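Structure record follows, encoded as structure tokens.
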Amino acid sequence: MSQPLKIAPATLAKLAKLGIHHRTDLLLHLPLRYEDETHITPIGEALPGETVQVQGEVTHCEVMFRPRRTLVCRIQQGSDELTLRFLNFYPSQQKQLAVGKTIRAIGEVRGGFFGLEMVHPKCKAVDEDTPLPQSLSPVYPTTAGLSQTVLRKLIANALESIPLSDTLPAALIERLALADFADSLRLLHSPTPDISAATLEKRSHRAWRRIKFDELLAQQLSMRVHHRERSKRAAPALPAHDKLTHVLLDKLPFRLTGAQQKVWREIVHDLSQSHPMQRLLLGDVGSGKTIVAALAALQAIENGYQIAFMAPTEILAEQHYLKLHEWLTPLGIAPVWLSGSLKKKAKTEAAARIASGDTLLAIGTHALFQKDVEFHKLGLAIIDEQHKFGVQQRLALRNKGKEPHQLMMSATPIPRTLAMSYYADLDVSVIDELPPGRTPIVTKLVSDARREEVFERVRTACLSGRQAYWVCPLIDESEALQLQTALETHATLTETFPELRIGLAHGKLNSEEKAATMAAFKSGELQLLVATTVIEVGVDVPNASLMVIDHAERMGLAQLHQLRGRVGRGAAESMCVLLFQQPLSELARERLRVIYENTDGFIIAQQDLQLRGPGELLGARQSGVAMLRFADISEDEELLDMAREIAEELLRDHPDAACAHLQRWMANKHDFLQV
Ligand code: ADP
Ligand code: MG
């Protein structure tokens, strides 16, 4: 076994930039692609458009100054010649290319003015008989100032000097028909001559499969381990007494759907345990998550514990407040409202009621977990639209109680693979059924040229007693511009519909104005609500049956789906009009097609994943998915399934192996798992 190389501090810093902190990390720094230097193409056979390696003697080397400073060099092999051109070059390169030297150059051949040429080839001075490498040369991801040569040397040395024992039990490897870990790693770093670069770059080779499986397994293991650790902590057991919950259920104008009953049972069970619930409730928009949250709150209340019910926007939090107020006041429970925009006095009062335990149910925005809010006896935290909150915010809330139970909710329908990968540290419940009596939403795509017709539709709907939303264009670049657009749209529509009562909701309204506007719309006093995407999450007005989304081509799929979910909440036939501006980009066209053809949030999310990749889909949480370097959850679904199953098995039957595996893959990646 060779000795570890001494690495200069400057190099160490560069390696750290690549995420390489320990010598073992070098092993898992795998090539992006490969260069084929294993054979030489005779210059006479090189074809334009091909990337090849050629060899020849330098017959001419000169710096030209027109049209710009260029090093031009000619090499010759037999009677064939090739020009090499360098626009940026160092004196050392010029020296290397001195007349009479023999050169190997790799690059793309092009037809130039003076015959075949290569621009910026990679060159190496050689002797006539310098041997060719036997295998493909790896090209690693790197950073400025760290050459492939240095990386290759460090990695080759690590491969030789670090033991590459397999972390998985031999029987398991055999059962899953996996390749050997050490063999896979060696093969990817220095492929044997029989493998082509194309085969390896596709990443479906057995060696890649093994590495990707190991990576996914490590991810699953670490999340399950964190889940276990958290569930070892103590939380107050909040068993069901079925007093208040039953009163509420009896009073409701509807019966819970089967899906709601199922998740409610899961939550009842979790809450009655003496370790913290860590449950994520996934359900498409309109699936009825709020009532489930209210029932969970009541169960905590029955046990004398407090609840913090938090939503990411003031409009949404306010709506929850009103809804729970309506449901719970008859039961003798008065929720308290807390948001950042309350006047100081009101805020202090609210905080005092929370601190004294005078109120058991606090509803609000992230103001609920500011420093100056102390809970008397927090037993349950309910977090709506949890993906909108950052890790820090949720952590702060958890630290408010000893260890409250956590119920997180999300309407972001995420594809199964993503949920499995991303939420492996949570218990997931899904409401996969909409309440009955909803009529499907009709979606129409309308070019902006036919705006007038859309106006007519809005007029008819509103005059027939229904209500409508008009969603203003999304303007990414500037909030000020966004506001201005909303104001202009409101002005135009007010002029267009003198006979309608029209309101305006946008992010810059203060909370009282916002609440007043929403209340007026809810009560039917306003017929048309012009709004920015602040209404994207959770707003619930069943009588609203028409939504127009202006410049729909600017919005993402998830956003369009969320917006559309604001209508179709009552029994009336509902419609969503997507107004778009020509010409459409390829991506925008594709998005509009998907939203037009699908209403199922999970299918839309799956398509979104394909259009955009996982990173953008997930929002605030530093994702464990983004951490995947090799596996791709939209392609490696089968490996992910396998990894999930094996993670459980390893933790149960081979904890040492699980530990060794985590050590290899996760030694320094704990940050995203704290919540
Ligand atoms: P979301 O899951 O998007 O948060 P909500 O909780 O806002 O959905 O529920 C949407 C609407 O459906 C609300 O008006 C709610 O009162 C109503 N609802 C919830 N459950 C049922 C049910 N089982 N039957 C009929 N209506 C229901
Ligand atoms: Mg909701």
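As shown in the structure tokens, the chain order sets the letters A, B, ...; within each chain, residues go from 1, and ligands are also counted from 1 in the order they appear.
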
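Residues surrounding stretch 228-231 of chain A within 8 Å are His275, Pro276 and Met277 of chain A [only C-alpha atoms; sequence separation below 5 positions excluded].
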
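Residues in contact with A:Val541 at up to 8 Å, not including ones fewer than 4 positions away on its chain and judged by only C-alpha atoms, are Phe521, Lys522, Arg566, Val567 and Arg569 of chain A.
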
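Comparing A:Ser147, A:Gln219, A:Thr83, A:Ser204 by their smallest distance to A:Trp665, the closest is A:Gln219 (using only C-alpha atoms).
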
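Shortest separation to ligand 2 among A:Ala144, A:Val548, A:Ile382, A:Leu168 occurs at residue A:Ile382, atoms counted being only C-alpha atoms and all ligand atoms.
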
Looking only at strand (DSSP E) from DSSP on the backbone, list the matching residues of stretch 310-363 of chain A as a PyMOL selection string. chain A and resi 310+336-338+361-363

Close residues to ligand 1 using only C-alpha atoms and all ligand atoms, limit 10 Å, as a VMD selection string: chain A and resid 252 to 261 281 to 294 316 319 to 320 323 384 to 385 409 to 412 431 433 to 438 537 to 543 562 565 to 566 568 to 570

Calculated over only C-alpha atoms, which of the candidates A:Ala505, A:Ala346, A:Leu28, A:Leu47 has the smallest distance to A:Ala156? A:Leu28

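One finds atom CA of A:Asp632 at 15.5 Å from atom CA of A:Ile414.
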
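For the residues A:Leu30, A:Met310, A:Leu82, A:Val268, ranking by smallest atom-to-atom distance to ligand 2 using only C-alpha atoms and all ligand atoms places A:Met310 first.
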
For the structure I just gave you, how does DSSP split stretch 434-561 of chain A - specifically, which residues are helix (DSSP H, G or I)? Reply as a PyMOL selection string. chain A and resi 448-463+479-496+511-522+533-536+552-554+557-561

Give me the residues near A:Thr329 as a ChimeraX atom specification, where near means some atom within 12 Å (using only C-alpha atoms) and where sequence neighbours in that chain fewer than 3 positions away do not count. /A:244,247-248,251,298,321-326,332-336,361

Let me see the file: selected residues, N, CA, C and O atoms, as a PDB file, in the first residue's frame.
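Printed below is result-v2.pdb as written:
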```pdb
ATOM      1  N   LEU A 244     -64.470  16.656  22.696  1.00  0.00           N
ATOM      2  CA  LEU A 244     -64.600  17.818  21.821  1.00  0.00           C
ATOM      3  C   LEU A 244     -64.611  17.415  20.353  1.00  0.00           C
ATOM      4  O   LEU A 244     -65.381  17.952  19.556  1.00  0.00           O
ATOM      5  N   VAL A 247     -67.967  16.342  19.291  1.00  0.00           N
ATOM      6  CA  VAL A 247     -68.916  17.452  19.203  1.00  0.00           C
ATOM      7  C   VAL A 247     -68.706  18.185  17.884  1.00  0.00           C
ATOM      8  O   VAL A 247     -69.660  18.484  17.159  1.00  0.00           O
ATOM      9  N   LEU A 248     -67.442  18.446  17.548  1.00  0.00           N
ATOM     10  CA  LEU A 248     -67.175  19.156  16.296  1.00  0.00           C
ATOM     11  C   LEU A 248     -67.665  18.330  15.108  1.00  0.00           C
ATOM     12  O   LEU A 248     -68.351  18.848  14.217  1.00  0.00           O
ATOM     13  N   LYS A 251     -71.282  18.583  14.573  1.00  0.00           N
ATOM     14  CA  LYS A 251     -71.779  19.886  14.139  1.00  0.00           C
ATOM     15  C   LYS A 251     -71.462  20.203  12.679  1.00  0.00           C
ATOM     16  O   LYS A 251     -72.045  21.113  12.105  1.00  0.00           O
ATOM     17  N   LEU A 298     -57.983  19.885  18.583  1.00  0.00           N
ATOM     18  CA  LEU A 298     -58.927  19.566  19.664  1.00  0.00           C
ATOM     19  C   LEU A 298     -58.414  18.442  20.551  1.00  0.00           C
ATOM     20  O   LEU A 298     -58.602  18.461  21.766  1.00  0.00           O
ATOM     21  N   TYR A 321     -57.673  31.158  10.983  1.00  0.00           N
ATOM     22  CA  TYR A 321     -58.174  31.717  12.227  1.00  0.00           C
ATOM     23  C   TYR A 321     -59.698  31.818  12.182  1.00  0.00           C
ATOM     24  O   TYR A 321     -60.396  31.384  13.095  1.00  0.00           O
ATOM     25  N   LEU A 322     -60.187  32.377  11.075  1.00  0.00           N
ATOM     26  CA  LEU A 322     -61.636  32.559  10.965  1.00  0.00           C
ATOM     27  C   LEU A 322     -62.359  31.221  10.967  1.00  0.00           C
ATOM     28  O   LEU A 322     -63.383  31.048  11.617  1.00  0.00           O
ATOM     29  N   LYS A 323     -61.789  30.279  10.224  1.00  0.00           N
ATOM     30  CA  LYS A 323     -62.425  28.959  10.124  1.00  0.00           C
ATOM     31  C   LYS A 323     -62.454  28.278  11.496  1.00  0.00           C
ATOM     32  O   LYS A 323     -63.488  27.770  11.921  1.00  0.00           O
ATOM     33  N   LEU A 324     -61.330  28.280  12.173  1.00  0.00           N
ATOM     34  CA  LEU A 324     -61.286  27.597  13.467  1.00  0.00           C
ATOM     35  C   LEU A 324     -62.116  28.339  14.511  1.00  0.00           C
ATOM     36  O   LEU A 324     -62.699  27.721  15.399  1.00  0.00           O
ATOM     37  N   HIS A 325     -62.159  29.628  14.344  1.00  0.00           N
ATOM     38  CA  HIS A 325     -62.994  30.422  15.222  1.00  0.00           C
ATOM     39  C   HIS A 325     -64.441  29.962  15.063  1.00  0.00           C
ATOM     40  O   HIS A 325     -65.162  29.700  16.034  1.00  0.00           O
ATOM     41  N   GLU A 326     -64.849  29.859  13.818  1.00  0.00           N
ATOM     42  CA  GLU A 326     -66.221  29.441  13.515  1.00  0.00           C
ATOM     43  C   GLU A 326     -66.509  28.031  14.071  1.00  0.00           C
ATOM     44  O   GLU A 326     -67.542  27.777  14.670  1.00  0.00           O
ATOM     45  N   GLY A 332     -66.627  26.441  23.051  1.00  0.00           N
ATOM     46  CA  GLY A 332     -66.051  27.158  24.178  1.00  0.00           C
ATOM     47  C   GLY A 332     -64.558  27.392  24.060  1.00  0.00           C
ATOM     48  O   GLY A 332     -63.867  27.628  25.051  1.00  0.00           O
ATOM     49  N   ILE A 333     -64.027  27.319  22.834  1.00  0.00           N
ATOM     50  CA  ILE A 333     -62.589  27.534  22.662  1.00  0.00           C
ATOM     51  C   ILE A 333     -62.370  28.760  21.790  1.00  0.00           C
ATOM     52  O   ILE A 333     -62.841  28.808  20.650  1.00  0.00           O
ATOM     53  N   ALA A 334     -61.673  29.737  22.341  1.00  0.00           N
ATOM     54  CA  ALA A 334     -61.428  30.955  21.578  1.00  0.00           C
ATOM     55  C   ALA A 334     -59.968  31.002  21.149  1.00  0.00           C
ATOM     56  O   ALA A 334     -59.085  31.148  21.986  1.00  0.00           O
ATOM     57  N   PRO A 335     -59.698  30.839  19.862  1.00  0.00           N
ATOM     58  CA  PRO A 335     -58.304  30.918  19.428  1.00  0.00           C
ATOM     59  C   PRO A 335     -57.785  32.351  19.527  1.00  0.00           C
ATOM     60  O   PRO A 335     -58.562  33.304  19.473  1.00  0.00           O
ATOM     61  N   VAL A 336     -56.469  32.478  19.662  1.00  0.00           N
ATOM     62  CA  VAL A 336     -55.888  33.816  19.666  1.00  0.00           C
ATOM     63  C   VAL A 336     -55.108  34.000  18.368  1.00  0.00           C
ATOM     64  O   VAL A 336     -54.547  33.053  17.826  1.00  0.00           O
ATOM     65  N   LEU A 361     -55.082  27.761  21.944  1.00  0.00           N
ATOM     66  CA  LEU A 361     -54.892  27.674  20.500  1.00  0.00           C
ATOM     67  C   LEU A 361     -54.422  29.007  19.940  1.00  0.00           C
ATOM     68  O   LEU A 361     -55.151  29.994  19.977  1.00  0.00           O
TER      69      LEU A 361
END
```

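Ranking A:Glu37, A:Asp80, A:Glu318, A:Glu108 by their shortest atom-to-atom distance to ligand 2, with only C-alpha atoms and all ligand atoms included, puts A:Glu318 first.
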